[in-house]
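Report on the following structure.
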Protein chains: 2
Amino acid sequence: MNVEVVAVGTELLLGQIVNSNASTIGAALAEKGLDANFQQVVGDNHERLTSTIELAISRSDAVIITGGIGPTQDDITREAVCAATGRDLVFSDSYAEHLRRWWEDRGRVMPESNLRQAYHPEGADLLMNPKGTAPGLALEHDGTLIFVVPGVPAEMEYLLHNDLLPRLGEAAGVDEVLVSRVLRTWGRSESDVAEVLDDLYRSSTNPSLAFLASGGEIKLRITAKADDEATAVELIGPMEAEVRARMGSAVFGADDDIIEKVILELLDGLGYTIATAESMTGGLVAAALTSLPGSSSVVRGGLVAYDSELKQKLLGVEDVSAVVTAATAEAMAEGGRKLLDADVVVSVTGSAGPEPLEKPPGTMVIAVATPERVLSKELRMVGDRERVRTYAVTNALQFARLALQGTWWKP
Amino acid sequence: MNVEVVAVGTELLLGQIVNSNASTIGAALAEKGLDANFQQVVGDNHERLTSTIELAISRSDAVIITGGIGPTQDDITREAVCAATGRDLVFSDSYAEHLRRWWEDRGRVMPESNLRQAYHPEGADLLMNPKGTAPGLALEHDGTLIFVVPGVPAEMEYLLHNDLLPRLGEAAGVDEVLVSRVLRTWGRSESDVAEVLDDLYRSSTNPSLAFLASGGEIKLRITAKADDEATAVELIGPMEAEVRARMGSAVFGADDDIIEKVILELLDGLGYTIATAESMTGGLVAAALTSLPGSSSVVRGGLVAYDSELKQKLLGVEDVSAVVTAATAEAMAEGGRKLLDADVVVSVTGSAGPEPLEKPPGTMVIAVATPERVLSKELRMVGDRERVRTYAVTNALQFARLALQGTWWKP
């Protein structure tokens with residue numbers, strides 16, 4: 001089954017935003033084993049949009065149209081789909097009612113223009129979109145499935161996973177099962193991992209092994225194909241055990257185990273609470289620790305001591321003449337334990353750049369204080385401010401994990 | 001003149017890379033006053049690539065093809081251009097010689113496969129590419145200009161600016177310049193903005209007015225075409241003044257003025273320092289305020305009082321039996337001013353969800369304390385935890401901006 005993506009929006013043609021929706025959809029289709037031969041982008045112009053949709057319908061088994069279904073005058077995808085499929089635009093009283101309630105629930109009066117979103121091509125299914133006011137649309141024309149989803153990535157992704165992919169899979173009659181297990185690792189370089197796993201990587205076909213470096217971690221994906229899920233899972237088992245044995249404490253989780261989740265589980269198991277004492281990361285480590293539901297049972301909070309005076313006054317750092325040092329990072333972590341009444345405190349101090357602060361931009365010291373000990377590590381990352389801060393957060397979380405596991409810096 | 005971009009590469013269809021070339025080219029064309037009606041993406045397949053190029057030639061004045069001109073077997077753009085234009089593929093002895101020297105200069109022997117890059121459609125100009133081994137190509141067919149450039153962004157960009165844009169500009173006889181001004185607004189819904197600006201939107205052609213909702217704000221883009229930049233800027237003036245008058249304090253900046261930057265500038269102007277007292281946002285507001293270089297001169301830091309005990313102990317909130325209240329938010333902001341020695345403190349308390357905390361998930365109270373007063377506002381956002389927290393951060397920053405401007409909650 002060939003699926004074509006048509007992205008609608010003059011802002012895409014003008015290069016004001018990148019067409020990330022097309023790649024998100026492309027990756028999801030590939031994972032599901034569906035083919036994609038073409039993508040198109042067209043502006044908010046009725047005639048051109050209509051002919052683009054007609055072309056897609058004529059050559060593809062399914063078409064996913066993103067964007068152009070907001071409440072404003074330049075949102076014309078609904079009308080173009082009608083023109084391309086010879087349908088009337090009809091009004092849904094029940095969706096209009098849903099829209100009114102949506103605004104009411106937020107204590108606001110619905111602007112009349114919002115009612116545009118209750119119009120749809122006759123015969124289309126309205127796909128409920130809990131993340132916004134524009135419904136997704138699904139219809140069939142000349143044997144081609146047509147989907148329309150909002151251009152806002154979060155809304156598009158919700159409908160993609162909850163409606164489009166299941167409907168496409170069913171239509172394609174995909175019955176081979178593909179099961180993947182992702183082992184998430186941190187602390188070893190890509191080339192190091194490639195070397196350690198080289199023979200497995202070369203010799204394996206089912207299950208296969210793939211690497212993906214992203215966001216400071218390396219994901220190892222083991223994928224098996226089989227007639228049913230149980231058999232695929234069985235195929236994965238021995239390979240997973242071997243990879244875990246070789247990678248040691250670098251493996252911090254599997255599949256959806258993001259580092260934040262792993263830390264919350266470790267804390268929970270130990271009966272510890274955690275807090276942060278941050279300077280260069282400005283609150284990002286605390287934000288990460290509180291990003292998951294249930295974090296309030298183990299996260300106390302954090303102090304962002306951006307100004308050195310606050311490091312002194314609130315964390316009891318005695319000497320602030322040099323702050324990008326192990327002594328300061330450790331004093332911040334220990335001071336944080338007292339100030340915030342937490343069992344464990346992770347601290348970060350450093351120079352985010354672009355201006356140097358004592359040491360070259362990108363230099364940082366991370367410390368973790370537990371009831372037993374305090375440990376620290378100096379690191380450096382080259383890059384802009386955002387990259388440096390993101391690297392600092394990832395490392396702070398991973399060092400906290402290693403400290404809680406008792407395997408500090410021994411991958 | 002209409003310019004169409006055709007991006008070639010199966011990796012684009014599979015979502016392994018994002019089509020950033022299309023937006024780079026789109027932005028450059030717009031800046032030059034050239035129109036773009038369509039973009040296409042197609043994989044490394046001879047038949048489909050040929051028909052895609054034929055379609056582009058048939059409807060556009062110029063076509064820019066990116067990718068598929070490397071040295072490997074799946075690089076087939078040269079052959080497809082020949083098929084679409086009825087030309088022969090010919091070999092350039094002088095380019096082959098250039099390639100041999102390129103490798104020699106690097107002390108390496110040229111792989112024979114590299115000679116593929118000396119082939120080109122008969123009659124095409126070879127555009128020298130100092131950043132790689134594949135030359136750009138330029139030819140004309142049936143009155144349509146056709147350009148082929150490498151998919152590697154740095155190589156594409158070099159040829160775009162040095163060869164393509166000058167040739168396109170000359171062909172279009174463009175001395176016409178396009179200038180855009182983006183007004184960034186916050187606090188009004190998309191449909192409300194559409195209503196308020198409806199007549200301007202409908203009646204305006206030069207300058208034109210467009211809306212773009214993204215990341216909690218609505219951008220209003222005013223674009224003017226003229227013979228020179230000064231005239232275009234002059235055309236924008238009255239429309240900008242009218243839009244600003246109608247939108248009032250909802251306009252917080254123009255062009256690259258992100259809210260963080262606006263706040264730092266306001267603080268600088270007032271000689272104030274700022275800090276945060278956060279609960280549900282867990283440090284994200286402090287992280288935003290410290291995201292830009294130079295923030296250390298006005299940002300003191302922040303307290304993440306995730307646990308109610310810390311609100312009491314460190315911020316002096318007396319009654320923590322109910323924390324999603326105006327009283328708590330205001331006490332946090334005022335307590336934060338003392339604890340963190342800051343002139344201005346923005347506080348956030350609420351229930352990020354998914355579990356309700358006193359009030360339904362997504363309920364939040366934001367307060368801002370300045371030396372003159374403390375103000376607060378209760379809000380609610382429906383959605384998952386991440387969406388709720390992101391909304392809270394945007395609102396906290398915008399309320400801080402309104403408080404500093406003295407236009408709190410009066411759009």
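Ordering of the structure tokens sets the chain letters (A, B, ...); residue numbers start at 1 within each chain; ligands are numbered from 1 in the order shown.
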Exercise. What's the 10 Å shell around A:Ala288, counting only C-alpha atoms, without same-chain residues fewer than 6 positions away, as a PyMOL selection string?
Worked result: (chain A and resi 259-261+295+393-394+397) or (chain B and resi 282-284)
Deliver the residues from the most recent selection as a file, using C-alpha atoms, as a PDB file, in the first residue's frame.
ATOM      1  CA  ILE A 259      16.076   8.224  32.354  1.00  0.00           C
ATOM      2  CA  GLU A 260      13.597  10.274  34.413  1.00  0.00           C
ATOM      3  CA  LYS A 261      11.428   7.193  34.890  1.00  0.00           C
ATOM      4  CA  SER A 295       7.169  12.529  40.707  1.00  0.00           C
ATOM      5  CA  VAL A 393      20.985  17.797  32.037  1.00  0.00           C
ATOM      6  CA  THR A 394      21.467  14.377  30.437  1.00  0.00           C
ATOM      7  CA  LEU A 397      20.423  12.629  35.368  1.00  0.00           C
TER       8      LEU A 397
ATOM      9  CA  GLY B 282       9.295  22.349  38.249  1.00  0.00           C
ATOM     10  CA  GLY B 283      11.986  24.791  37.120  1.00  0.00           C
ATOM     11  CA  LEU B 284      10.935  25.351  33.512  1.00  0.00           C
TER      12      LEU B 284
END
Seminar exercise, completed: LSQ fit chain B -> chain A, all C-alpha atoms paired sequentially, RMSD 6.0 Å
Problem set entry | Within 6 Å of chain A: residues of chain B, using only C-alpha atoms, as number ranges by chain | B: 13-15, 18, 23-24, 26-27, 30, 38-42, 191, 282-284, 286-287, 290, 300-307
I need the chosen residues saved as a JSON list (two decimals), in the first residue's frame, with N, CA and C atoms.
[["chain", "number", "residue", "atom", "x", "y", "z"],
["B", 13, "LEU", "N", 11.56, 10.18, 2.30],
["B", 13, "LEU", "CA", 10.24, 9.55, 2.39],
["B", 13, "LEU", "C", 10.12, 8.69, 3.65],
["B", 14, "LEU", "N", 11.25, 8.09, 4.05],
["B", 14, "LEU", "CA", 11.23, 7.23, 5.24],
["B", 14, "LEU", "C", 11.32, 8.04, 6.53],
["B", 15, "GLY", "N", 11.44, 9.34, 6.40],
["B", 15, "GLY", "CA", 11.50, 10.18, 7.61],
["B", 15, "GLY", "C", 12.82, 10.07, 8.35],
["B", 18, "VAL", "N", 14.92, 15.18, 7.73],
["B", 18, "VAL", "CA", 13.88, 16.17, 7.47],
["B", 18, "VAL", "C", 14.30, 16.97, 6.24],
["B", 23, "SER", "N", 12.96, 24.07, 2.90],
["B", 23, "SER", "CA", 12.64, 25.32, 3.59],
["B", 23, "SER", "C", 13.74, 26.35, 3.41],
["B", 24, "THR", "N", 14.99, 25.90, 3.37],
["B", 24, "THR", "CA", 16.08, 26.85, 3.12],
["B", 24, "THR", "C", 15.88, 27.53, 1.76],
["B", 26, "GLY", "N", 13.04, 27.70, 0.03],
["B", 26, "GLY", "CA", 11.80, 28.47, 0.08],
["B", 26, "GLY", "C", 12.02, 29.85, 0.67],
["B", 27, "ALA", "N", 12.76, 29.90, 1.77],
["B", 27, "ALA", "CA", 13.00, 31.19, 2.42],
["B", 27, "ALA", "C", 13.84, 32.10, 1.52],
["B", 30, "ALA", "N", 11.64, 33.43, -1.33],
["B", 30, "ALA", "CA", 10.71, 34.45, -0.85],
["B", 30, "ALA", "C", 11.43, 35.78, -0.64],
["B", 38, "PHE", "N", 4.75, 24.99, -5.35],
["B", 38, "PHE", "CA", 4.77, 23.55, -5.04],
["B", 38, "PHE", "C", 6.16, 23.11, -4.58],
["B", 39, "GLN", "N", 6.16, 22.08, -3.74],
["B", 39, "GLN", "CA", 7.38, 21.32, -3.47],
["B", 39, "GLN", "C", 7.01, 19.85, -3.63],
["B", 40, "GLN", "N", 7.97, 19.05, -4.09],
["B", 40, "GLN", "CA", 7.72, 17.62, -4.16],
["B", 40, "GLN", "C", 8.90, 16.87, -3.54],
["B", 41, "VAL", "N", 8.60, 15.68, -3.04],
["B", 41, "VAL", "CA", 9.65, 14.76, -2.57],
["B", 41, "VAL", "C", 9.39, 13.43, -3.24],
["B", 42, "VAL", "N", 10.46, 12.82, -3.76],
["B", 42, "VAL", "CA", 10.31, 11.54, -4.44],
["B", 42, "VAL", "C", 11.54, 10.69, -4.13],
["B", 191, "SER", "N", -9.10, 32.50, 16.39],
["B", 191, "SER", "CA", -10.33, 32.95, 15.73],
["B", 191, "SER", "C", -10.66, 34.39, 16.13],
["B", 282, "GLY", "N", 8.09, 23.08, 37.85],
["B", 282, "GLY", "CA", 9.30, 22.35, 38.25],
["B", 282, "GLY", "C", 10.64, 22.92, 37.82],
["B", 283, "GLY", "N", 10.71, 24.20, 37.51],
["B", 283, "GLY", "CA", 11.99, 24.79, 37.12],
["B", 283, "GLY", "C", 12.02, 25.28, 35.68],
["B", 284, "LEU", "N", 10.95, 24.99, 34.94],
["B", 284, "LEU", "CA", 10.94, 25.35, 33.51],
["B", 284, "LEU", "C", 10.92, 26.86, 33.28],
["B", 286, "ALA", "N", 12.31, 29.14, 35.29],
["B", 286, "ALA", "CA", 13.69, 29.59, 35.54],
["B", 286, "ALA", "C", 14.58, 29.20, 34.37],
["B", 287, "ALA", "N", 14.38, 28.00, 33.85],
["B", 287, "ALA", "CA", 15.19, 27.54, 32.72],
["B", 287, "ALA", "C", 14.99, 28.43, 31.50],
["B", 290, "THR", "N", 16.79, 31.74, 31.89],
["B", 290, "THR", "CA", 18.25, 31.65, 31.80],
["B", 290, "THR", "C", 18.71, 31.05, 30.47],
["B", 300, "ARG", "N", 18.26, 36.19, 39.12],
["B", 300, "ARG", "CA", 18.89, 35.79, 40.38],
["B", 300, "ARG", "C", 18.90, 34.27, 40.51],
["B", 301, "GLY", "N", 17.80, 33.65, 40.16],
["B", 301, "GLY", "CA", 17.68, 32.20, 40.31],
["B", 301, "GLY", "C", 16.23, 31.84, 40.55],
["B", 302, "GLY", "N", 16.00, 30.75, 41.27],
["B", 302, "GLY", "CA", 14.62, 30.35, 41.49],
["B", 302, "GLY", "C", 14.53, 29.24, 42.52],
["B", 303, "LEU", "N", 13.35, 29.13, 43.12],
["B", 303, "LEU", "CA", 13.14, 28.00, 44.01],
["B", 303, "LEU", "C", 12.04, 27.13, 43.42],
["B", 304, "VAL", "N", 12.36, 25.85, 43.29],
["B", 304, "VAL", "CA", 11.32, 24.89, 42.92],
["B", 304, "VAL", "C", 10.82, 24.28, 44.22],
["B", 305, "ALA", "N", 9.65, 24.74, 44.67],
["B", 305, "ALA", "CA", 9.07, 24.23, 45.91],
["B", 305, "ALA", "C", 8.00, 23.23, 45.53],
["B", 306, "TYR", "N", 8.47, 22.06, 45.10],
["B", 306, "TYR", "CA", 7.53, 21.06, 44.62],
["B", 306, "TYR", "C", 6.74, 20.49, 45.78],
["B", 307, "ASP", "N", 7.42, 20.26, 46.86],
["B", 307, "ASP", "CA", 6.77, 19.76, 48.06],
["B", 307, "ASP", "C", 6.20, 20.93, 48.86]]
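For the pair atom CA of B:Val81 and atom CA of B:Glu157, the separation is 20.9 Å.
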Exercise. For A:Gly173, which residue among A:Gly33, A:Gly350, A:Pro150, A:Gly335 is the nearest when counting only C-alpha atoms?
Worked result: A:Gly33
List every residue of stretch 187-360 of chain B that DSSP, applied to the backbone of this structure, places in helix (DSSP H, G or I), and write the result as a CSV table (one decimal) with N, CA and C atoms, in the first residue's frame.
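Saved the output as selection.csv:
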chain,number,residue,atom,x,y,z
B,190,GLU,N,-6.9,32.3,18.0
B,190,GLU,CA,-6.7,32.4,16.6
B,190,GLU,C,-8.0,33.0,15.9
B,191,SER,N,-9.1,32.5,16.4
B,191,SER,CA,-10.3,33.0,15.7
B,191,SER,C,-10.7,34.4,16.1
B,192,ASP,N,-10.3,34.8,17.4
B,192,ASP,CA,-10.5,36.1,17.8
B,192,ASP,C,-9.6,37.1,16.9
B,193,VAL,N,-8.4,36.7,16.8
B,193,VAL,CA,-7.5,37.5,15.9
B,193,VAL,C,-8.0,37.6,14.5
B,194,ALA,N,-8.5,36.5,14.0
B,194,ALA,CA,-9.0,36.5,12.6
B,194,ALA,C,-10.2,37.4,12.5
B,195,GLU,N,-11.0,37.5,13.5
B,195,GLU,CA,-12.2,38.4,13.5
B,195,GLU,C,-11.8,39.8,13.5
B,196,VAL,N,-10.9,40.1,14.5
B,196,VAL,CA,-10.4,41.5,14.7
B,196,VAL,C,-9.7,42.1,13.4
B,198,ASP,N,-10.1,40.8,10.2
B,198,ASP,CA,-10.8,40.2,9.0
B,198,ASP,C,-10.7,41.1,7.8
B,199,ASP,N,-11.1,42.4,8.0
B,199,ASP,CA,-11.1,43.3,6.9
B,199,ASP,C,-9.8,43.6,6.3
B,200,LEU,N,-8.8,43.7,7.2
B,200,LEU,CA,-7.4,43.9,6.7
B,200,LEU,C,-6.9,42.7,5.9
B,201,TYR,N,-7.3,41.5,6.4
B,201,TYR,CA,-6.9,40.3,5.8
B,201,TYR,C,-7.5,40.2,4.4
B,202,ARG,N,-8.7,40.5,4.3
B,202,ARG,CA,-9.4,40.4,3.0
B,202,ARG,C,-9.0,41.4,2.0
B,203,SER,N,-8.8,42.7,2.4
B,203,SER,CA,-8.6,43.8,1.5
B,203,SER,C,-7.1,44.0,1.1
B,229,GLU,N,14.1,47.8,-1.2
B,229,GLU,CA,13.8,47.5,0.2
B,229,GLU,C,13.1,48.7,0.9
B,230,ALA,N,13.7,49.8,0.7
B,230,ALA,CA,13.1,51.0,1.4
B,230,ALA,C,11.6,51.2,1.1
B,231,THR,N,11.3,51.0,-0.1
B,231,THR,CA,9.9,51.2,-0.5
B,231,THR,C,9.0,50.1,0.2
B,232,ALA,N,9.5,48.9,0.2
B,232,ALA,CA,8.8,47.8,0.8
B,232,ALA,C,8.6,48.1,2.3
B,233,VAL,N,9.6,48.5,2.9
B,233,VAL,CA,9.5,48.8,4.4
B,233,VAL,C,8.5,49.9,4.6
B,234,GLU,N,8.5,50.9,3.7
B,234,GLU,CA,7.5,52.0,3.8
B,234,GLU,C,6.1,51.5,3.6
B,235,LEU,N,5.9,50.5,2.7
B,235,LEU,CA,4.5,50.0,2.5
B,235,LEU,C,4.1,49.2,3.8
B,236,ILE,N,5.0,48.6,4.5
B,236,ILE,CA,4.6,47.8,5.7
B,236,ILE,C,4.2,48.8,6.8
B,237,GLY,N,4.8,49.9,6.9
B,237,GLY,CA,4.6,50.8,8.0
B,237,GLY,C,3.1,51.0,8.5
B,238,PRO,N,2.3,51.5,7.6
B,238,PRO,CA,0.9,51.8,8.0
B,238,PRO,C,0.1,50.6,8.4
B,239,MET,N,0.3,49.5,7.7
B,239,MET,CA,-0.3,48.2,8.1
B,239,MET,C,0.1,47.8,9.5
B,240,GLU,N,1.4,47.9,9.7
B,240,GLU,CA,2.0,47.5,11.0
B,240,GLU,C,1.3,48.3,12.1
B,241,ALA,N,1.2,49.6,11.9
B,241,ALA,CA,0.7,50.5,12.9
B,241,ALA,C,-0.8,50.2,13.2
B,242,GLU,N,-1.5,49.9,12.1
B,242,GLU,CA,-2.9,49.5,12.3
B,242,GLU,C,-3.1,48.2,13.0
B,243,VAL,N,-2.3,47.2,12.7
B,243,VAL,CA,-2.4,45.9,13.4
B,243,VAL,C,-2.0,46.1,14.9
B,244,ARG,N,-1.0,46.8,15.1
B,244,ARG,CA,-0.6,47.1,16.5
B,244,ARG,C,-1.7,47.8,17.3
B,245,ALA,N,-2.3,48.7,16.7
B,245,ALA,CA,-3.4,49.5,17.3
B,245,ALA,C,-4.5,48.5,17.7
B,246,ARG,N,-4.9,47.7,16.8
B,246,ARG,CA,-6.0,46.8,17.0
B,246,ARG,C,-5.7,45.7,18.0
B,247,MET,N,-4.4,45.2,18.0
B,247,MET,CA,-4.1,44.1,18.9
B,247,MET,C,-3.6,44.6,20.3
B,248,GLY,N,-3.3,45.8,20.4
B,248,GLY,CA,-2.9,46.3,21.7
B,248,GLY,C,-1.8,45.6,22.4
B,249,SER,N,-1.9,45.3,23.7
B,249,SER,CA,-0.8,44.7,24.4
B,249,SER,C,-0.6,43.3,24.1
B,250,ALA,N,-1.4,42.7,23.2
B,250,ALA,CA,-1.2,41.3,22.8
B,250,ALA,C,0.1,41.2,22.0
B,259,ILE,N,9.9,35.8,23.7
B,259,ILE,CA,9.4,36.4,24.9
B,259,ILE,C,10.5,36.5,26.0
B,260,GLU,N,11.4,35.5,26.0
B,260,GLU,CA,12.6,35.5,27.0
B,260,GLU,C,13.4,36.8,26.7
B,261,LYS,N,13.6,37.1,25.5
B,261,LYS,CA,14.4,38.3,25.1
B,261,LYS,C,13.7,39.6,25.5
B,262,VAL,N,12.4,39.6,25.3
B,262,VAL,CA,11.6,40.8,25.6
B,262,VAL,C,11.7,41.0,27.1
B,263,ILE,N,11.6,40.0,27.9
B,263,ILE,CA,11.6,40.1,29.4
B,263,ILE,C,13.0,40.6,29.8
B,264,LEU,N,14.0,40.0,29.3
B,264,LEU,CA,15.4,40.5,29.7
B,264,LEU,C,15.6,42.0,29.4
B,265,GLU,N,15.1,42.4,28.3
B,265,GLU,CA,15.2,43.8,27.9
B,265,GLU,C,14.4,44.7,28.8
B,266,LEU,N,13.2,44.3,29.1
B,266,LEU,CA,12.3,45.1,30.0
B,266,LEU,C,13.0,45.2,31.4
B,267,LEU,N,13.5,44.1,31.9
B,267,LEU,CA,14.2,44.1,33.2
B,267,LEU,C,15.4,45.1,33.2
B,268,ASP,N,16.2,45.0,32.1
B,268,ASP,CA,17.3,45.8,31.9
B,268,ASP,C,16.9,47.3,32.0
B,269,GLY,N,15.9,47.6,31.2
B,269,GLY,CA,15.4,49.0,31.2
B,269,GLY,C,15.0,49.5,32.5
B,270,LEU,N,14.3,48.6,33.3
B,270,LEU,CA,13.8,49.0,34.6
B,270,LEU,C,14.9,48.9,35.7
B,284,LEU,N,10.9,25.0,34.9
B,284,LEU,CA,10.9,25.4,33.5
B,284,LEU,C,10.9,26.9,33.3
B,285,VAL,N,10.3,27.6,34.2
B,285,VAL,CA,10.2,29.1,34.0
B,285,VAL,C,11.6,29.6,34.2
B,286,ALA,N,12.3,29.1,35.3
B,286,ALA,CA,13.7,29.6,35.5
B,286,ALA,C,14.6,29.2,34.4
B,287,ALA,N,14.4,28.0,33.8
B,287,ALA,CA,15.2,27.5,32.7
B,287,ALA,C,15.0,28.4,31.5
B,288,ALA,N,13.8,28.9,31.3
B,288,ALA,CA,13.5,29.7,30.1
B,288,ALA,C,14.2,31.1,30.3
B,289,LEU,N,14.1,31.6,31.5
B,289,LEU,CA,14.7,32.9,31.8
B,289,LEU,C,16.2,32.9,31.7
B,295,SER,N,21.7,36.5,30.5
B,295,SER,CA,20.7,36.5,31.5
B,295,SER,C,21.2,36.6,32.9
B,296,SER,N,22.5,36.2,33.1
B,296,SER,CA,23.0,36.3,34.5
B,296,SER,C,23.0,37.7,35.1
B,297,SER,N,22.9,38.7,34.3
B,297,SER,CA,22.9,40.1,34.8
B,297,SER,C,21.6,40.5,35.5
B,308,SER,N,5.0,20.7,49.4
B,308,SER,CA,4.4,21.9,50.1
B,308,SER,C,5.2,22.3,51.3
B,309,GLU,N,5.8,21.4,52.0
B,309,GLU,CA,6.7,21.8,53.1
B,309,GLU,C,7.7,22.9,52.8
B,310,LEU,N,8.2,22.8,51.5
B,310,LEU,CA,9.2,23.8,51.1
B,310,LEU,C,8.5,25.1,50.9
B,311,LYS,N,7.3,25.1,50.4
B,311,LYS,CA,6.6,26.3,50.2
B,311,LYS,C,6.5,27.1,51.5
B,312,GLN,N,6.2,26.3,52.6
B,312,GLN,CA,6.0,26.8,53.9
B,312,GLN,C,7.3,27.3,54.5
B,313,LYS,N,8.3,26.4,54.5
B,313,LYS,CA,9.6,26.6,55.2
B,313,LYS,C,10.4,27.7,54.5
B,314,LEU,N,10.5,27.7,53.2
B,314,LEU,CA,11.4,28.6,52.5
B,314,LEU,C,10.7,29.9,51.9
B,315,LEU,N,9.4,29.7,51.5
B,315,LEU,CA,8.7,30.9,50.9
B,315,LEU,C,7.7,31.5,51.9
B,326,ALA,N,-5.0,31.5,44.5
B,326,ALA,CA,-4.4,32.8,44.3
B,326,ALA,C,-3.5,33.2,45.6
B,327,ALA,N,-4.1,32.8,46.8
B,327,ALA,CA,-3.3,33.2,48.0
B,327,ALA,C,-2.0,32.5,48.0
B,328,THR,N,-1.9,31.2,47.7
B,328,THR,CA,-0.6,30.5,47.7
B,328,THR,C,0.3,31.1,46.6
B,329,ALA,N,-0.2,31.3,45.4
B,329,ALA,CA,0.6,31.8,44.3
B,329,ALA,C,1.2,33.1,44.7
B,330,GLU,N,0.4,34.0,45.2
B,330,GLU,CA,0.8,35.3,45.6
B,330,GLU,C,1.9,35.3,46.7
B,331,ALA,N,1.6,34.4,47.7
B,331,ALA,CA,2.5,34.3,48.8
B,331,ALA,C,3.9,33.7,48.3
B,332,MET,N,3.8,32.8,47.4
B,332,MET,CA,5.0,32.2,46.8
B,332,MET,C,5.9,33.3,46.1
B,333,ALA,N,5.2,34.2,45.4
B,333,ALA,CA,5.9,35.2,44.7
B,333,ALA,C,6.5,36.2,45.6
B,334,GLU,N,5.7,36.6,46.7
B,334,GLU,CA,6.2,37.6,47.6
B,334,GLU,C,7.3,36.9,48.5
B,335,GLY,N,7.1,35.7,48.9
B,335,GLY,CA,8.2,35.0,49.6
B,335,GLY,C,9.4,34.8,48.8
B,336,GLY,N,9.2,34.6,47.5
B,336,GLY,CA,10.4,34.4,46.6
B,336,GLY,C,11.2,35.7,46.6
B,337,ARG,N,10.6,36.8,46.6
B,337,ARG,CA,11.3,38.1,46.5
B,337,ARG,C,12.3,38.2,47.7
B,338,LYS,N,11.8,37.8,48.9
B,338,LYS,CA,12.7,37.9,50.1
B,338,LYS,C,13.8,36.8,50.0
B,339,LEU,N,13.4,35.6,49.8
B,339,LEU,CA,14.3,34.5,49.8
B,339,LEU,C,15.4,34.7,48.8
For this session: Return as JSON, numbers by chain the full set of residues in stretch 136-213 of chain A whose backbone-based DSSP assignment is strand (DSSP E).
Result: {"A": [136, 137, 138, 139, 140, 141, 144, 145, 146, 147, 148, 149, 177, 178, 179, 180, 181, 182, 183, 184, 185, 208, 209, 210, 211, 212, 213]}
For this session: Skip A:Ala171 itself and residues of its chain fewer than 6 positions away, then list as a PyMOL selection string all residues within 12 Å of it, counting only C-alpha atoms.
Result: chain A and resi 1-3+34+61-62+140+143-145+164-165
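Relative to atom CA of B:Gly187, atom CA of B:Trp408 is found at 11.1 Å.
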For this session: Excluding stretch 179-182 of chain A and residues on its chain fewer than 6 positions from it, collect all residues at most 10 Å away from it, counting only C-alpha atoms, and give them as a PyMOL selection string.
Result: chain A and resi 207-212+218-226+228-233+235-237+240+253-257
Go ahead and write the selection's residues with C-alpha atoms as a CSV table (one decimal), in the first residue's frame.
chain,number,residue,atom,x,y,z
A,207,PRO,CA,16.4,-10.6,15.0
A,208,SER,CA,18.4,-7.8,13.5
A,209,LEU,CA,20.4,-5.3,15.5
A,210,ALA,CA,20.5,-1.5,14.8
A,211,PHE,CA,22.1,1.5,16.4
A,212,LEU,CA,20.6,4.9,16.8
A,218,ILE,CA,22.6,5.3,22.1
A,219,LYS,CA,19.6,3.1,21.4
A,220,LEU,CA,20.2,-0.5,20.4
A,221,ARG,CA,17.1,-1.8,18.6
A,222,ILE,CA,16.6,-5.5,18.3
A,223,THR,CA,13.9,-6.4,15.8
A,224,ALA,CA,12.3,-9.7,15.1
A,225,LYS,CA,9.8,-10.7,12.4
A,226,ALA,CA,7.4,-13.6,12.9
A,228,ASP,CA,2.8,-13.9,15.8
A,229,GLU,CA,4.0,-11.7,18.6
A,230,ALA,CA,5.0,-14.4,21.0
A,231,THR,CA,7.4,-16.0,18.5
A,232,ALA,CA,8.9,-12.6,17.7
A,233,VAL,CA,9.4,-11.9,21.4
A,235,LEU,CA,13.5,-14.6,19.1
A,236,ILE,CA,14.5,-11.4,20.7
A,237,GLY,CA,15.3,-12.9,24.2
A,240,GLU,CA,18.9,-9.0,24.4
A,253,GLY,CA,16.5,1.0,30.5
A,254,ALA,CA,14.5,-0.5,27.7
A,255,ASP,CA,11.8,0.8,25.3
A,256,ASP,CA,10.0,3.7,27.0
A,257,ASP,CA,12.2,3.8,30.0
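Straight-line separation from atom CA of A:Arg167 to atom CA of A:Thr77: 21.1 Å.
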Tell me which protein, DNA and RNA residues are within 10 Å of B:Ala138, counting only C-alpha atoms, leaving out same-chain ones fewer than 4 positions away, and put them as a compact mmCIF listing (two decimals) with C-alpha atoms, in the first residue's frame.
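result.txt written:
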# COMPACT_ATOMS: atom_id res chain seq x y z
CA VAL B 63 12.72 23.74 -11.06
CA ILE B 64 15.37 23.15 -8.42
CA HIS B 120 25.57 15.31 -17.22
CA PRO B 121 22.63 16.03 -19.55
CA GLY B 123 24.05 21.12 -23.00
CA ALA B 124 23.90 21.61 -19.23
CA ASP B 125 26.19 24.11 -17.55
CA LEU B 126 28.34 22.56 -14.84
CA LEU B 127 28.30 24.72 -11.70
CA LEU B 145 15.00 26.63 -16.10
CA ILE B 146 16.20 23.41 -14.47
CA PHE B 147 18.81 23.31 -11.74
CA VAL B 148 20.26 20.25 -10.06
CA VAL B 149 22.18 20.62 -6.79
CA ASP B 163 24.64 30.38 -8.95
CA LEU B 164 20.93 29.66 -8.68
CA ARG B 167 20.49 33.19 -12.51
